[in-house]
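Heads up: the structure comes next, in structure tokens.
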Amino acid sequence: MAEKTVINRRDFLKVVSTTGAGLIIGFHLPFKNKLRAATLQAAIQFKPNAWITVHPDNMVTIAVAESEMGQGVWTSLPMIIAEEMELDWSKIQVIQAPVDKDRFGKQGTGGSASVRSSWEKLRKAGAVAKEMLLTAAAREWSVPRGDCYGENGFILNRTSGKKLSYGDLAEKAAILDIPKNVSLKKAADFNIIGKDIPRTDTPLKVNGTAQFAMDVDLPNIVYAFIIRCPIFGGKLKTVNDAKAKQINGVLEIFEVENGIAVVGSSTWAAIQGRKALNITWDKGPNADLDSKSIAKYFKKRGSKRGAVGRNDGNAKKALKKTKKTVEAVYEVPFQAHATMEPMNCVVDVQPNRCRIWAPTQFPHSAQKQAAEITGLPMDKIEIHVTFLGGGFGRRAFNDFINDGLEVSKHMGRPVKLIWTREDDMRHDYYRPASRHILNGGLSETGETIAWTHKVVAPSILFGQMFKYPIPFKDKLDVVALAGAKELAYEIPNIRVEYKSANTNVPVGWWRSVYDSQNAYANECFMDELAFEAGKDPVQYRLKLLVNSPRSAAVLKMAAREAGWGSPMPNGRSKGVSCHGSFGSYVAQVAEVSVKANGKIKVHSVVCAVDCGQVVNPSIVKAQMESSIVYGLSATLKGEITIEKGRVVQSNFHEFEVLRMDEMPEIDVHIVKSTEAPGGVGEPGLPPIAPAVANAVFALTGKRIRKLPIKEGDLRS
Amino acid sequence: MPKFLVHINGEKKQVETAGSTPLLWVLRDELKLTGTKYGCGRGFCGACTVHLDGEETRSCITAIEDAQDSEITTIEGLSQNSDHPVQKAWIAEDVPQCGYCQSGQIMTAAAFLTRNSHPDREDINIAMKMNICRCGTYSRIRKAIIRAAEEINHG
């Protein structure tokens, strides 16, 4: 952002406030006669403080206040504005909004919420802008407002056929009162929403010009790493930096809150410096922690009564009375996010201001952290949200920005703070490991009449990793029951419990969060019940989905598109699953084969999704594919294990992820709907693990009750 | 510090750095060619892929002293106007999501297609499996490679 400049009086900015939404629309007035680009530029840079800026040359700048991490907000959110405002899509320029609570509220991106939370307010923003342009045009022509309409960046007069561009009207529109009520378009009249508009960030991402934080260069910049204790809860004991200091380009080595900072005049110098350090750690209280002891602890916790999250009928009593019961225990490991771009930021702390370039999902909290660390007021903290090289929930945590702040403050100059892949993998906020104990009771005719599910897992909300932890009591963490509590199946007796099991391994939001573990348990268990009842898994589910029409519809759609029930080639089988989360409903059918050595191949996944009103089908499909791939990695490939208080895996050779040769054919089908939009970044993930596990059972008769599936589990 | 004359994107540039410095950091820190990305530092993920004499190479594990005699091409030098057939195909298929791995994916695909312009599914698997994409854009990458091959063969 540029320094404040004196605004030209004609350079008028209209600030509009509507209830709650904090809506601001800026019309930068056209300069009469010849425009001087430089002056215009200064004005634009002075206050890019609105979602919408109409320029005299008819270009419209749309600021996106959410973080672009691949999910497509740089395209889907502007599409919503463009629809209501009747913009010419080819004349739109998208920019990342500044971080400013007064203008955009507390900026944060997560929970598959961007389109859902923006839908109303961005439609109104576009509609208000169009309404003012209509009024301006009507006055210009001295015709009734009703004679005018907006189309493709112009206001047209339907009687005279005259037209004026939005750029021509900007000055006159800017001085009008803000309409209190605007009407929104009917879904049937949408001509941008619902179309496969290409992503606005694609051109930047095919030629190396897309700017990620690590790409930011500043005069006088230095490069830094922080070495953390590999053992959770451990601390620095001693460090010998004599050798490191001799390395050409190593500038400084000093202790910071979370370890030791090594600063170099180049990235490589700093890397060499950190390698040359001789550090001994105080191992702290978790030195003996390992995955085995955690599993044992989970088992013990699971044997105790949990906090009740849902209690329909009397499941325990019903189970006792039932002749046919099924019990199963499912285990899910810790997972790393492993975003392609490791944690990093560029920070410049100066006495009077602080600038931060960071790939963060929660810039508002980063701004608060920065104010705390630097002692500067919030308005002196300038945050530039760059493109995020993947988010998946990891970048909801701004620990890496604290690193940059501390080092830059110490150095008094700009710092590029980078985590190596190893730092990133070993100091994540992991998807919590969990244990799921399920019991089901069947009637004599095979209907499920009782269902209990006890979720044993660390709590993210009440966990130990927050700076000001809520004292952990064995209370109900409803977030940990997401997807378990909301079981869509119509069963008279349901009991869902949560049993806390904290482990001192840092945990956090991982794409689809607890829905990923809970759906795996739910949907595998439903398959077990259907099998026990001797029923087809699709038909069995549909019968129980009588009161969940949207779930039933996607399940039917996926089954139909996958040719469910038709004969399979030898050595192949299909599995199905269905789960709603983040306001959307998804069903998937996976087709698998298993080699003699136990290696699973997922050949295809058919995915049906109902995410309400679709903004951009191409992006919805991409997000379904993306979630399936991310979920398949956690189903078939890597896991995070703990030994001696530390994470075993360090890089992609130990934490394997799905690669091109393992990519199934994915076929996504979208339900046509005018319901309010649902999320799309996460809901495609929870169904994939159970769909694959159920397909493996159909093929081999072996139940997969522990993830990831290992070759040894299935060797014949 | 020793000096190296590097041939990069059709130009000659002199850099002063330790000979062991990986090409990746020379590109990023010294030459400010930041389209090439750091992903793993050990040649596992492919985000740092560039061409050395037309061959895809992991710049994170290639020392500058081993790269100085080669013609180096980075994503910035692949084409003048993002109009290499692979880039055009990437745009047509709207491949990228977060985009962080895509320079590496494009560089690998471009080198691969010069060796094999009629790839089948298995050829693509083998060529591309060393490039990780956590966003899971593999389906579109596959489609884009087939599209690019068609353009290379038929213009």
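Identifiers in this document derive from the order of the structure tokens: chains are assigned A, B, ..., residues are numbered from 1 separately in each chain, and ligands are numbered from 1 in order of occurrence.
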Closest pair table for chain A residues within 8 Å of chain B, only C-alpha atoms, as JSON lines:
```
{"residue": "A:Glu68", "atom": "CA", "partner": "B:Cys98", "partner_atom": "CA", "distance": 7.4}
{"residue": "A:Met69", "atom": "CA", "partner": "B:Cys98", "partner_atom": "CA", "distance": 5.0}
{"residue": "A:Gly70", "atom": "CA", "partner": "B:Cys98", "partner_atom": "CA", "distance": 3.5}
{"residue": "A:Gln71", "atom": "CA", "partner": "B:Gln97", "partner_atom": "CA", "distance": 6.5}
{"residue": "A:Gly72", "atom": "CA", "partner": "B:Gln97", "partner_atom": "CA", "distance": 7.1}
{"residue": "A:Pro198", "atom": "CA", "partner": "B:Asp94", "partner_atom": "CA", "distance": 6.3}
{"residue": "A:Arg199", "atom": "CA", "partner": "B:Asp94", "partner_atom": "CA", "distance": 6.7}
{"residue": "A:Thr202", "atom": "CA", "partner": "B:Pro96", "partner_atom": "CA", "distance": 6.1}
{"residue": "A:Pro203", "atom": "CA", "partner": "B:Ile91", "partner_atom": "CA", "distance": 6.7}
{"residue": "A:Lys205", "atom": "CA", "partner": "B:Gly99", "partner_atom": "CA", "distance": 5.4}
{"residue": "A:Val206", "atom": "CA", "partner": "B:Gln87", "partner_atom": "CA", "distance": 5.9}
{"residue": "A:Asn207", "atom": "CA", "partner": "B:Ile75", "partner_atom": "CA", "distance": 5.8}
{"residue": "A:Gly208", "atom": "CA", "partner": "B:Gly35", "partner_atom": "CA", "distance": 3.8}
{"residue": "A:Thr209", "atom": "CA", "partner": "B:Gly35", "partner_atom": "CA", "distance": 6.3}
{"residue": "A:Ala210", "atom": "CA", "partner": "B:Gly35", "partner_atom": "CA", "distance": 7.8}
{"residue": "A:Asp215", "atom": "CA", "partner": "B:Thr34", "partner_atom": "CA", "distance": 5.5}
{"residue": "A:Ser266", "atom": "CA", "partner": "B:Asp29", "partner_atom": "CA", "distance": 6.7}
{"residue": "A:Thr267", "atom": "CA", "partner": "B:Trp25", "partner_atom": "CA", "distance": 6.7}
{"residue": "A:Trp268", "atom": "CA", "partner": "B:Thr21", "partner_atom": "CA", "distance": 6.3}
{"residue": "A:Ala338", "atom": "CA", "partner": "B:Arg134", "partner_atom": "CA", "distance": 7.7}
{"residue": "A:Thr339", "atom": "CA", "partner": "B:Arg134", "partner_atom": "CA", "distance": 6.5}
{"residue": "A:Met340", "atom": "CA", "partner": "B:Gly39", "partner_atom": "CA", "distance": 5.8}
{"residue": "A:Glu341", "atom": "CA", "partner": "B:Gly39", "partner_atom": "CA", "distance": 5.9}
{"residue": "A:Pro342", "atom": "CA", "partner": "B:Gly39", "partner_atom": "CA", "distance": 6.7}
{"residue": "A:Phe387", "atom": "CA", "partner": "B:Cys98", "partner_atom": "CA", "distance": 7.4}
{"residue": "A:Leu388", "atom": "CA", "partner": "B:Cys98", "partner_atom": "CA", "distance": 6.4}
{"residue": "A:Gly389", "atom": "CA", "partner": "B:Tyr100", "partner_atom": "CA", "distance": 5.0}
{"residue": "A:Gly390", "atom": "CA", "partner": "B:Cys98", "partner_atom": "CA", "distance": 5.5}
{"residue": "A:Thr420", "atom": "CA", "partner": "B:Cys40", "partner_atom": "CA", "distance": 7.1}
{"residue": "A:Arg421", "atom": "CA", "partner": "B:Cys40", "partner_atom": "CA", "distance": 5.0}
{"residue": "A:Glu422", "atom": "CA", "partner": "B:Cys40", "partner_atom": "CA", "distance": 7.9}
{"residue": "A:Ala622", "atom": "CA", "partner": "B:Thr137", "partner_atom": "CA", "distance": 7.5}
{"residue": "A:Glu625", "atom": "CA", "partner": "B:Gly136", "partner_atom": "CA", "distance": 6.6}
{"residue": "A:Ser626", "atom": "CA", "partner": "B:Gly136", "partner_atom": "CA", "distance": 4.6}
{"residue": "A:Ser627", "atom": "CA", "partner": "B:Gly136", "partner_atom": "CA", "distance": 7.6}
{"residue": "A:Ile628", "atom": "CA", "partner": "B:Gly136", "partner_atom": "CA", "distance": 8.0}
{"residue": "A:Val629", "atom": "CA", "partner": "B:Gly136", "partner_atom": "CA", "distance": 5.3}
{"residue": "A:Tyr630", "atom": "CA", "partner": "B:Arg134", "partner_atom": "CA", "distance": 6.6}
{"residue": "A:Asn651", "atom": "CA", "partner": "B:Cys40", "partner_atom": "CA", "distance": 6.8}
{"residue": "A:Phe652", "atom": "CA", "partner": "B:Phe44", "partner_atom": "CA", "distance": 6.2}
{"residue": "A:His653", "atom": "CA", "partner": "B:Phe44", "partner_atom": "CA", "distance": 6.9}
{"residue": "A:Val657", "atom": "CA", "partner": "B:Ile132", "partner_atom": "CA", "distance": 7.7}
{"residue": "A:Leu658", "atom": "CA", "partner": "B:Ile132", "partner_atom": "CA", "distance": 7.7}
{"residue": "A:Arg659", "atom": "CA", "partner": "B:Lys129", "partner_atom": "CA", "distance": 5.4}
{"residue": "A:Met660", "atom": "CA", "partner": "B:Lys129", "partner_atom": "CA", "distance": 4.9}
{"residue": "A:Asp661", "atom": "CA", "partner": "B:Asn125", "partner_atom": "CA", "distance": 4.5}
{"residue": "A:Met663", "atom": "CA", "partner": "B:Tyr138", "partner_atom": "CA", "distance": 6.8}
{"residue": "A:Glu665", "atom": "CA", "partner": "B:Ser139", "partner_atom": "CA", "distance": 7.4}
{"residue": "A:Ile666", "atom": "CA", "partner": "B:Ser139", "partner_atom": "CA", "distance": 7.8}
```
**Message:** Need to verify the contact set: Asp312 (chain A), 10 Å, only C-alpha atoms, exclusion of same-chain residues closer than 5 positions in sequence. Can you return it as number ranges by chain?
**Reply:** A: 450-451, 491-496
Let's have the selection written as a PDB file, in the first residue's frame, with N, CA and C atoms.
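Contents of out-v3.pdb, freshly written:
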```pdb
ATOM      1  N   ALA A 450     -30.535 -49.367  16.746  1.00  0.00           N
ATOM      2  CA  ALA A 450     -29.717 -48.708  17.774  1.00  0.00           C
ATOM      3  C   ALA A 450     -28.330 -48.423  17.223  1.00  0.00           C
ATOM      4  N   TRP A 451     -27.787 -47.288  17.615  1.00  0.00           N
ATOM      5  CA  TRP A 451     -26.467 -46.860  17.118  1.00  0.00           C
ATOM      6  C   TRP A 451     -25.763 -46.095  18.224  1.00  0.00           C
ATOM      7  N   ILE A 491     -32.641 -43.492  12.792  1.00  0.00           N
ATOM      8  CA  ILE A 491     -32.517 -44.644  13.684  1.00  0.00           C
ATOM      9  C   ILE A 491     -33.159 -44.228  15.015  1.00  0.00           C
ATOM     10  N   PRO A 492     -34.044 -45.059  15.567  1.00  0.00           N
ATOM     11  CA  PRO A 492     -34.788 -44.602  16.762  1.00  0.00           C
ATOM     12  C   PRO A 492     -33.910 -44.355  17.990  1.00  0.00           C
ATOM     13  N   ASN A 493     -32.833 -45.115  18.124  1.00  0.00           N
ATOM     14  CA  ASN A 493     -31.992 -44.962  19.315  1.00  0.00           C
ATOM     15  C   ASN A 493     -30.555 -44.633  18.902  1.00  0.00           C
ATOM     16  N   ILE A 494     -30.150 -43.401  19.173  1.00  0.00           N
ATOM     17  CA  ILE A 494     -28.793 -42.973  18.801  1.00  0.00           C
ATOM     18  C   ILE A 494     -28.126 -42.334  20.015  1.00  0.00           C
ATOM     19  N   ARG A 495     -26.921 -42.741  20.278  1.00  0.00           N
ATOM     20  CA  ARG A 495     -26.162 -42.090  21.352  1.00  0.00           C
ATOM     21  C   ARG A 495     -24.755 -41.807  20.830  1.00  0.00           C
ATOM     22  N   VAL A 496     -24.363 -40.537  20.888  1.00  0.00           N
ATOM     23  CA  VAL A 496     -23.030 -40.148  20.429  1.00  0.00           C
ATOM     24  C   VAL A 496     -22.301 -39.475  21.583  1.00  0.00           C
TER      25      VAL A 496
END
```
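All residues in region 48-173 of chain A with a DSSP state of strand (DSSP E or B), computed from the backbone, read Ile52, Thr53, Val54, Val60, Thr61, Ile62, Ala63, Val64, Ile92, Gln93, Val94, Ile95, Gln96, Cys148, Tyr149, Gly150, Glu151, Phe154, Ile155, Leu156, Asn157, Lys163, Leu164 and Ser165 of chain A.
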Residues just named, written with N, CA and C atoms as an mmCIF file, in the first residue's frame:
```
data_model
loop_
_atom_site.group_PDB
_atom_site.id
_atom_site.type_symbol
_atom_site.label_atom_id
_atom_site.label_comp_id
_atom_site.auth_asym_id
_atom_site.auth_seq_id
_atom_site.Cartn_x
_atom_site.Cartn_y
_atom_site.Cartn_z
ATOM 1 N N ILE A 52 -15.532 -2.913 -4.583
ATOM 2 C CA ILE A 52 -15.768 -2.500 -5.966
ATOM 3 C C ILE A 52 -15.173 -1.126 -6.227
ATOM 4 N N THR A 53 -14.419 -1.022 -7.276
ATOM 5 C CA THR A 53 -13.940 0.282 -7.727
ATOM 6 C C THR A 53 -14.173 0.382 -9.226
ATOM 7 N N VAL A 54 -14.944 1.361 -9.597
ATOM 8 C CA VAL A 54 -15.191 1.562 -11.029
ATOM 9 C C VAL A 54 -14.225 2.627 -11.527
ATOM 10 N N VAL A 60 -13.154 -2.452 -13.837
ATOM 11 C CA VAL A 60 -13.695 -2.532 -12.479
ATOM 12 C C VAL A 60 -12.765 -3.402 -11.645
ATOM 13 N N THR A 61 -12.290 -2.806 -10.574
ATOM 14 C CA THR A 61 -11.426 -3.573 -9.684
ATOM 15 C C THR A 61 -12.288 -4.196 -8.594
ATOM 16 N N ILE A 62 -12.091 -5.482 -8.378
ATOM 17 C CA ILE A 62 -12.810 -6.156 -7.299
ATOM 18 C C ILE A 62 -11.793 -6.684 -6.299
ATOM 19 N N ALA A 63 -11.955 -6.241 -5.066
ATOM 20 C CA ALA A 63 -11.044 -6.677 -4.012
ATOM 21 C C ALA A 63 -11.626 -7.912 -3.324
ATOM 22 N N VAL A 64 -10.785 -8.924 -3.193
ATOM 23 C CA VAL A 64 -11.211 -10.150 -2.520
ATOM 24 C C VAL A 64 -10.619 -10.139 -1.113
ATOM 25 N N ILE A 92 -12.716 -6.918 -15.722
ATOM 26 C CA ILE A 92 -12.569 -7.002 -14.267
ATOM 27 C C ILE A 92 -11.113 -7.253 -13.906
ATOM 28 N N GLN A 93 -10.676 -6.534 -12.889
ATOM 29 C CA GLN A 93 -9.350 -6.796 -12.371
ATOM 30 C C GLN A 93 -9.526 -7.189 -10.902
ATOM 31 N N VAL A 94 -8.981 -8.334 -10.543
ATOM 32 C CA VAL A 94 -9.129 -8.812 -9.171
ATOM 33 C C VAL A 94 -7.865 -8.484 -8.384
ATOM 34 N N ILE A 95 -8.064 -7.962 -7.186
ATOM 35 C CA ILE A 95 -6.911 -7.722 -6.311
ATOM 36 C C ILE A 95 -7.187 -8.322 -4.938
ATOM 37 N N GLN A 96 -6.125 -8.561 -4.199
ATOM 38 C CA GLN A 96 -6.277 -9.019 -2.826
ATOM 39 C C GLN A 96 -6.551 -7.789 -1.964
ATOM 40 N N CYS A 148 -34.486 2.005 -17.753
ATOM 41 C CA CYS A 148 -33.062 1.655 -17.874
ATOM 42 C C CYS A 148 -32.782 0.266 -17.319
ATOM 43 N N TYR A 149 -31.785 -0.349 -17.904
ATOM 44 C CA TYR A 149 -31.331 -1.630 -17.345
ATOM 45 C C TYR A 149 -29.820 -1.782 -17.564
ATOM 46 N N GLY A 150 -29.219 -2.619 -16.748
ATOM 47 C CA GLY A 150 -27.776 -2.833 -16.823
ATOM 48 C C GLY A 150 -27.469 -4.091 -17.604
ATOM 49 N N GLU A 151 -26.422 -4.002 -18.426
ATOM 50 C CA GLU A 151 -26.010 -5.195 -19.172
ATOM 51 C C GLU A 151 -24.552 -5.077 -19.559
ATOM 52 N N PHE A 154 -22.722 -1.756 -19.116
ATOM 53 C CA PHE A 154 -23.397 -0.561 -19.636
ATOM 54 C C PHE A 154 -24.785 -0.422 -19.010
ATOM 55 N N ILE A 155 -25.264 0.815 -18.923
ATOM 56 C CA ILE A 155 -26.679 1.033 -18.642
ATOM 57 C C ILE A 155 -27.333 1.389 -19.975
ATOM 58 N N LEU A 156 -28.391 0.697 -20.278
ATOM 59 C CA LEU A 156 -29.073 0.902 -21.548
ATOM 60 C C LEU A 156 -30.463 1.486 -21.323
ATOM 61 N N ASN A 157 -30.893 2.276 -22.274
ATOM 62 C CA ASN A 157 -32.245 2.835 -22.260
ATOM 63 C C ASN A 157 -33.091 2.020 -23.242
ATOM 64 N N LYS A 163 -26.976 4.136 -24.749
ATOM 65 C CA LYS A 163 -26.283 3.452 -23.653
ATOM 66 C C LYS A 163 -25.104 4.263 -23.133
ATOM 67 N N LEU A 164 -24.814 4.086 -21.853
ATOM 68 C CA LEU A 164 -23.676 4.732 -21.211
ATOM 69 C C LEU A 164 -22.887 3.671 -20.452
ATOM 70 N N SER A 165 -21.583 3.770 -20.554
ATOM 71 C CA SER A 165 -20.768 2.773 -19.858
ATOM 72 C C SER A 165 -20.693 3.102 -18.367
#
```
**Item:** Spatial neighbours of Lys124 (chain A), 10 Å, only C-alpha atoms, chain gap at least 2 places, as a ChimeraX atom specification
**Value:** /A:18,21,23,80-81,84-85,118-122,126-130,181-184
